[in-house]
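Structure file start.txt; described as compact mmCIF, C-alpha atoms.
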```txt
# COMPACT_ATOMS: atom_id res chain seq x y z
CA GLY M 935 82.91 73.25 94.94
CA GLN M 936 82.51 70.18 92.82
CA GLN M 937 85.33 69.42 90.42
CA LEU M 938 86.02 66.81 87.80
CA ASN M 939 89.42 65.40 86.94
CA GLN M 940 89.53 64.17 83.36
CA SER M 941 92.42 62.12 82.10
CA PRO M 942 94.44 61.85 80.07
CA GLN M 943 94.72 65.45 78.87
CA SER M 944 95.76 64.28 75.43
CA MET M 945 96.31 61.07 73.50
CA PHE M 946 98.19 60.31 70.31
CA ILE M 947 97.22 56.94 68.92
CA GLN M 948 97.45 54.87 65.77
CA GLU M 949 94.37 54.19 63.69
CA GLY M 950 92.77 50.94 64.78
CA GLU M 951 93.80 51.21 68.42
CA ASP M 952 91.32 51.27 71.27
CA VAL M 953 91.05 54.38 73.45
CA SER M 954 90.12 54.80 77.10
CA MET M 955 89.55 57.98 79.05
CA ASN M 956 87.93 58.72 82.38
CA CYS M 957 86.61 61.32 84.73
CA THR M 958 86.81 61.16 88.49
CA SER M 959 85.60 63.31 91.32
CA SER M 960 85.45 63.39 95.09
CA SER M 961 81.75 64.26 94.76
CA ILE M 962 78.83 62.05 93.86
CA PHE M 963 77.01 62.73 90.60
CA ASN M 964 73.51 61.78 89.47
CA THR M 965 74.22 62.02 85.75
CA TRP M 966 77.25 61.54 83.53
CA LEU M 967 77.42 62.90 80.01
CA TRP M 968 80.08 62.53 77.34
CA TYR M 969 80.56 65.08 74.57
CA LYS M 970 82.82 65.36 71.54
CA GLN M 971 83.99 68.66 70.11
CA GLU M 972 85.55 68.85 66.67
CA PRO M 973 87.71 71.81 65.65
CA GLY M 974 85.65 74.95 65.11
CA GLU M 975 82.42 73.32 66.29
CA GLY M 976 80.41 73.16 69.48
CA PRO M 977 80.35 70.04 71.69
CA VAL M 978 77.99 67.29 70.56
CA LEU M 979 76.41 64.85 73.00
CA LEU M 980 77.66 61.28 72.53
CA ILE M 981 76.28 59.33 75.48
CA ALA M 982 74.15 60.11 78.53
CA LEU M 983 74.22 57.94 81.69
CA TYR M 984 71.64 58.21 84.45
CA LYS M 985 72.16 55.22 86.73
CA ALA M 986 75.11 53.92 88.74
CA GLY M 987 76.64 50.91 87.01
CA GLU M 988 74.98 51.72 83.70
CA LEU M 989 76.90 50.71 80.60
CA THR M 990 75.80 52.30 77.34
CA SER M 991 77.10 51.99 73.79
CA ASN M 992 76.82 54.24 70.77
CA GLY M 993 78.46 52.50 67.83
CA ARG M 994 82.14 52.07 68.66
CA LEU M 995 81.77 54.15 71.81
CA THR M 996 80.99 52.67 75.20
CA ALA M 997 80.59 54.62 78.43
CA GLN M 998 80.01 53.53 81.99
CA PHE M 999 78.59 55.25 85.05
CA GLY M 1000 80.82 54.16 87.93
CA ILE M 1001 79.31 52.18 90.78
CA THR M 1002 80.53 54.72 93.33
CA ARG M 1003 78.86 57.50 91.27
CA LYS M 1004 82.14 59.39 91.47
CA ASP M 1005 83.54 58.39 88.11
CA SER M 1006 82.79 57.56 84.50
CA PHE M 1007 84.70 55.97 81.64
CA LEU M 1008 84.56 56.31 77.87
CA ASN M 1009 86.05 53.73 75.54
CA ILE M 1010 86.42 54.00 71.78
CA SER M 1011 87.16 50.79 69.93
CA ALA M 1012 89.08 50.52 66.65
CA SER M 1013 89.73 54.25 66.31
CA ILE M 1014 89.51 55.96 62.94
CA PRO M 1015 90.79 59.38 61.80
CA SER M 1016 87.39 61.04 62.21
CA ASP M 1017 87.51 60.28 65.94
CA VAL M 1018 89.87 63.23 66.27
CA GLY M 1019 88.59 65.91 68.61
CA ILE M 1020 88.25 66.87 72.22
CA TYR M 1021 86.14 64.64 74.44
CA PHE M 1022 84.48 66.15 77.49
CA CYS M 1023 82.80 64.53 80.41
CA ALA M 1024 80.13 66.33 82.40
CA GLY M 1025 78.71 65.35 85.76
CA GLY M 1026 75.28 66.38 86.92
CA GLY M 1027 75.21 67.20 90.63
CA SER M 1028 72.58 67.45 93.31
CA GLN M 1029 72.09 71.16 92.61
CA GLY M 1030 70.96 70.46 89.06
CA ASN M 1031 73.98 72.03 87.41
CA LEU M 1032 76.49 70.34 85.11
CA ILE M 1033 80.20 70.30 85.90
CA PHE M 1034 82.55 69.81 82.93
CA GLY M 1035 85.92 68.14 82.79
CA LYS M 1036 88.70 69.97 80.95
CA GLY M 1037 88.69 67.54 78.07
CA THR M 1038 90.83 64.84 76.48
CA LYS M 1039 92.32 65.82 73.15
CA LEU M 1040 92.49 62.81 70.84
CA SER M 1041 94.77 62.64 67.82
CA VAL M 1042 94.65 59.64 65.48
CA LYS M 1043 97.48 58.84 63.09
CA PRO M 1044 96.35 57.05 59.92
CA ASP Q 145 67.12 67.39 66.28
CA VAL Q 146 67.65 70.37 68.52
CA LYS Q 147 69.22 73.28 66.78
CA VAL Q 148 71.05 76.01 68.66
CA THR Q 149 72.17 78.80 66.38
CA GLN Q 150 74.70 81.45 67.27
CA SER Q 151 74.50 84.48 65.05
CA SER Q 152 78.22 84.90 64.40
CA ARG Q 153 81.05 82.38 64.05
CA TYR Q 154 83.78 85.02 64.26
CA LEU Q 155 83.79 88.54 65.69
CA VAL Q 156 86.55 91.10 66.03
CA LYS Q 157 85.87 94.05 68.32
CA ARG Q 158 87.87 96.88 69.82
CA THR Q 159 88.50 97.41 73.51
CA GLY Q 160 85.66 99.38 75.08
CA GLU Q 161 83.05 98.43 72.49
CA LYS Q 162 79.68 97.06 73.52
CA VAL Q 163 79.29 93.56 72.11
CA PHE Q 164 76.15 91.48 71.62
CA LEU Q 165 76.29 87.73 71.10
CA GLU Q 166 72.98 86.24 70.01
CA CYS Q 167 71.70 82.70 70.41
CA VAL Q 168 68.46 81.11 69.25
CA GLN Q 169 67.13 77.61 69.91
CA ASP Q 170 64.26 75.97 68.06
CA MET Q 171 63.09 73.25 70.46
CA ASP Q 172 61.12 75.19 73.03
CA HIS Q 173 63.71 74.50 75.72
CA GLU Q 174 63.21 76.12 79.09
CA ASN Q 175 66.86 76.63 79.92
CA MET Q 176 69.61 78.45 78.10
CA PHE Q 177 73.26 78.92 79.00
CA TRP Q 178 76.32 80.90 78.03
CA TYR Q 179 79.80 79.42 78.48
CA ARG Q 180 83.23 80.57 77.53
CA GLN Q 181 85.90 78.10 76.53
CA ASP Q 182 89.61 78.76 76.94
CA PRO Q 183 92.58 76.41 76.47
CA GLY Q 184 93.48 74.71 79.72
CA LEU Q 185 90.45 76.10 81.53
CA GLY Q 186 87.69 74.10 79.89
CA LEU Q 187 84.10 75.31 79.81
CA ARG Q 188 83.14 77.96 82.32
CA LEU Q 189 79.56 79.02 82.92
CA ILE Q 190 78.91 82.75 82.59
CA TYR Q 191 75.12 83.04 82.98
CA PHE Q 192 72.08 80.87 82.56
CA SER Q 193 68.36 81.41 82.31
CA TYR Q 194 65.56 79.01 83.25
CA ASP Q 195 62.69 81.14 82.01
CA VAL Q 196 61.90 84.26 80.05
CA LYS Q 197 63.22 87.37 81.79
CA MET Q 198 64.92 85.21 84.43
CA LYS Q 199 68.70 84.98 84.75
CA GLU Q 200 71.19 83.50 87.15
CA LYS Q 201 74.90 84.16 87.50
CA GLY Q 202 77.25 81.33 86.71
CA ASP Q 203 80.86 80.98 87.80
CA ILE Q 204 82.33 83.97 85.94
CA PRO Q 205 79.64 86.64 85.38
CA GLU Q 206 81.88 89.68 85.87
CA GLY Q 207 82.00 91.91 82.82
CA TYR Q 208 78.95 90.26 81.24
CA SER Q 209 75.20 90.64 81.28
CA VAL Q 210 72.42 88.71 79.57
CA SER Q 211 68.95 89.25 78.19
CA ARG Q 212 66.13 86.80 77.63
CA GLU Q 213 63.05 88.56 76.32
CA LYS Q 214 61.73 85.55 74.39
CA LYS Q 215 61.94 81.87 75.23
CA GLU Q 216 63.94 80.97 72.15
CA ARG Q 217 66.51 83.76 72.35
CA PHE Q 218 69.31 84.37 74.84
CA SER Q 219 71.75 87.22 74.37
CA LEU Q 220 75.15 87.73 76.00
CA ILE Q 221 76.29 91.33 76.35
CA LEU Q 222 79.78 92.60 76.96
CA GLU Q 223 79.17 96.16 78.20
CA SER Q 224 82.75 97.29 77.56
CA ALA Q 225 84.84 94.63 75.86
CA SER Q 226 88.34 93.96 77.15
CA THR Q 227 91.19 91.89 75.74
CA SER Q 228 90.70 89.38 78.57
CA GLN Q 229 87.33 88.56 77.05
CA THR Q 230 88.90 87.20 73.88
CA SER Q 231 87.59 83.65 73.86
CA MET Q 232 85.28 81.08 72.31
CA TYR Q 233 81.69 81.63 73.50
CA LEU Q 234 79.26 78.72 73.49
CA CYS Q 235 75.52 78.94 73.89
CA ALA Q 236 73.53 75.90 74.99
CA SER Q 237 69.97 74.94 75.81
CA SER Q 238 68.28 72.13 77.72
CA LEU Q 239 64.73 70.94 78.23
CA VAL Q 240 64.74 71.10 82.01
CA TYR Q 241 67.30 72.26 84.53
CA ASP Q 242 67.87 69.09 86.48
CA ASN Q 243 70.99 67.58 84.88
CA SER Q 244 69.44 67.44 81.41
CA PRO Q 245 71.91 67.16 78.54
CA LEU Q 246 72.93 70.46 77.05
CA HIS Q 247 72.68 71.06 73.32
CA PHE Q 248 75.37 73.45 72.14
CA GLY Q 249 75.65 75.90 69.30
CA ASN Q 250 78.74 76.03 67.11
CA GLY Q 251 80.31 78.84 69.07
CA THR Q 252 81.40 82.41 68.46
CA ARG Q 253 85.10 83.11 68.46
CA LEU Q 254 85.47 86.65 69.76
CA THR Q 255 88.70 88.59 69.46
CA VAL Q 256 89.02 91.89 71.30
CA THR Q 257 91.92 94.06 70.15
```

In structure tokens, how does this file's structure come out?
Amino acid sequence: GQQLNQSPQSMFIQEGEDVSMNCTSSSIFNTWLWYKQEPGEGPVLLIALYKAGELTSNGRLTAQFGITRKDSFLNISASIPSDVGIYFCAGGGSQGNLIFGKGTKLSVKP
Amino acid sequence: DVKVTQSSRYLVKRTGEKVFLECVQDMDHENMFWYRQDPGLGLRLIYFSYDVKMKEKGDIPEGYSVSREKKERFSLILESASTSQTSMYLCASSLVYDNSPLHFGNGTRLTVT
């Protein structure tokens, strides 16, 4: 079945640094979504992408829908301590279901 | 804003007990989902429902059942809880099925002893 590879699994960065993470697959997706989950909470939608090549920003977050439709990237600029959490990508396939990556755990050192 | 409310944040149950996890959404969404989340395994879909009284198996339905008697409410049932079902359970809803963003509840952390 369809699978997503999300990397890196975890990141330890200094406050103020930029962050990049990505999801790749051997399958084509029609939708890419990025979520953030803080400790003890459910995932919250950050950015939704619906078109190949689309680049969308939400504050300091920017995500892109890869041209091949097999990947997506999330960048966080000038990280702050409240960026801590687990970031998930999700790809929407031809069957209408969402496939989730296993998450990137972000730690930010003040 | 969509609100998905799970009735319990934490539950502790004994092996063999019947367990009900309740979820309510307030935005008239057609679709509702139950996932479990485990370290290293990510989010795994247990069951979903695209209409009242309709249900579909997800990737790991064994040991679970669901009930959707009203549009806004989706219940996950563990008929006979086992220690392997200790996990974080997340309910979600979406407007339509076709790749729509999911809106998640805050989760129920279930411990089976």

- Message: List as a VMD selection string the protein and nucleic acid residues near His173 of chain Q, meaning an atom at most 8 Å away when all atoms listed in the file are counted, but skip any in the same chain fewer than 5 places from it.
- Response: chain Q and resid 215 to 216 237 to 240

Enumerate, in order of chain and increasing residue number, the residues of chain M with an atom no farther than 9 Å from chain Q, each with its shortest atom pair and distance in Å to one decimal, counting all atoms listed in the file, as CSV.
```
residue,atom,partner,partner_atom,distance
M:Asn964,CA,Q:Asn243,CA,7.8
M:Thr965,CA,Q:Asn243,CA,6.5
M:Trp966,CA,Q:Asn243,CA,8.8
M:Leu967,CA,Q:Pro245,CA,7.1
M:Gly974,CA,Q:Asn250,CA,7.3
M:Glu975,CA,Q:Asn250,CA,4.6
M:Gly976,CA,Q:Asn250,CA,4.1
M:Pro977,CA,Q:Phe248,CA,6.1
M:Val978,CA,Q:Phe248,CA,6.9
M:Leu979,CA,Q:His247,CA,7.3
M:Ala982,CA,Q:Pro245,CA,7.4
M:Phe1022,CA,Q:Gly186,CA,8.9
M:Gly1025,CA,Q:Asn243,CA,8.1
M:Gly1026,CA,Q:Asn243,CA,4.9
M:Gly1027,CA,Q:Asn243,CA,7.1
M:Ser1028,CA,Q:Asp242,CA,8.5
M:Gln1029,CA,Q:Asp242,CA,7.7
M:Gly1030,CA,Q:Asp242,CA,4.3
M:Asn1031,CA,Q:Asn243,CA,5.9
M:Leu1032,CA,Q:Asn243,CA,6.2
M:Ile1033,CA,Q:Leu187,CA,8.8
M:Phe1034,CA,Q:Leu187,CA,6.5
M:Gly1035,CA,Q:Gly186,CA,6.9
M:Lys1036,CA,Q:Gly186,CA,4.4
M:Gly1037,CA,Q:Gly186,CA,6.9
```

- Message: Let me make sure I understand: among M:Ser1011, M:Thr990, M:Gln943, M:Asn956, which one has the smallest atom-to-atom distance to Cys1023 of chain M if we use all atoms listed in the file?
- Response: M:Asn956

- Query: Counting all atoms listed in the file, which of Q:Lys147, Q:Arg158, Q:Lys201, Q:Arg212 gets nearest to Thr230 of chain Q?
  - Reply: Q:Arg158

- Message: Set the distance at 8 Å and use all atoms listed in the file: which residues neighbour Gln998 of chain M once local chain neighbours fewer than 5 positions away are removed? I'd like the list as a ChimeraX atom specification.
- Response: /M:983,987-990,1006-1008

- Item | Distance criterion (all atoms listed in the file): nearest to Pro942 of chain M out of M:Ser954, M:Asn1009, M:Ser1041, M:Thr996 | M:Ser954

- Query: Quick one: distance from atom CA of Gly950 of chain M to atom CA of Leu980 of chain M in Å, one decimal?
  - Reply: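 According to the coordinates, atom CA of Gly950 of chain M and atom CA of Leu980 of chain M are separated by 19.9 Å.
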
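Counting only C-alpha atoms, the residue from M:Ala1024, M:Ile1010, M:Asp952, M:Ile947 that sits nearest to Ser991 of chain M is M:Ile1010.
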
- Query: By how many Å are atom CA of Ser961 of chain M and atom CA of Asn939 of chain M apart?
  - Reply: 11.0 Å

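The space between atom CA of Ile1020 of chain M and atom CA of Tyr208 of chain Q spans 26.7 Å.
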
Find the residues around Glu206 of chain Q up to 10 Å (all atoms listed in the file counted), leave out those fewer than 6 positions away in its own chain, and share them as a tab-separated table (two decimals) with C-alpha atoms, keeping the file's coordinate frame.
```tsv
chain	number	residue	atom	x	y	z
Q	190	ILE	CA	78.91	82.75	82.59
Q	191	TYR	CA	75.12	83.04	82.98
Q	222	LEU	CA	79.78	92.60	76.96
```
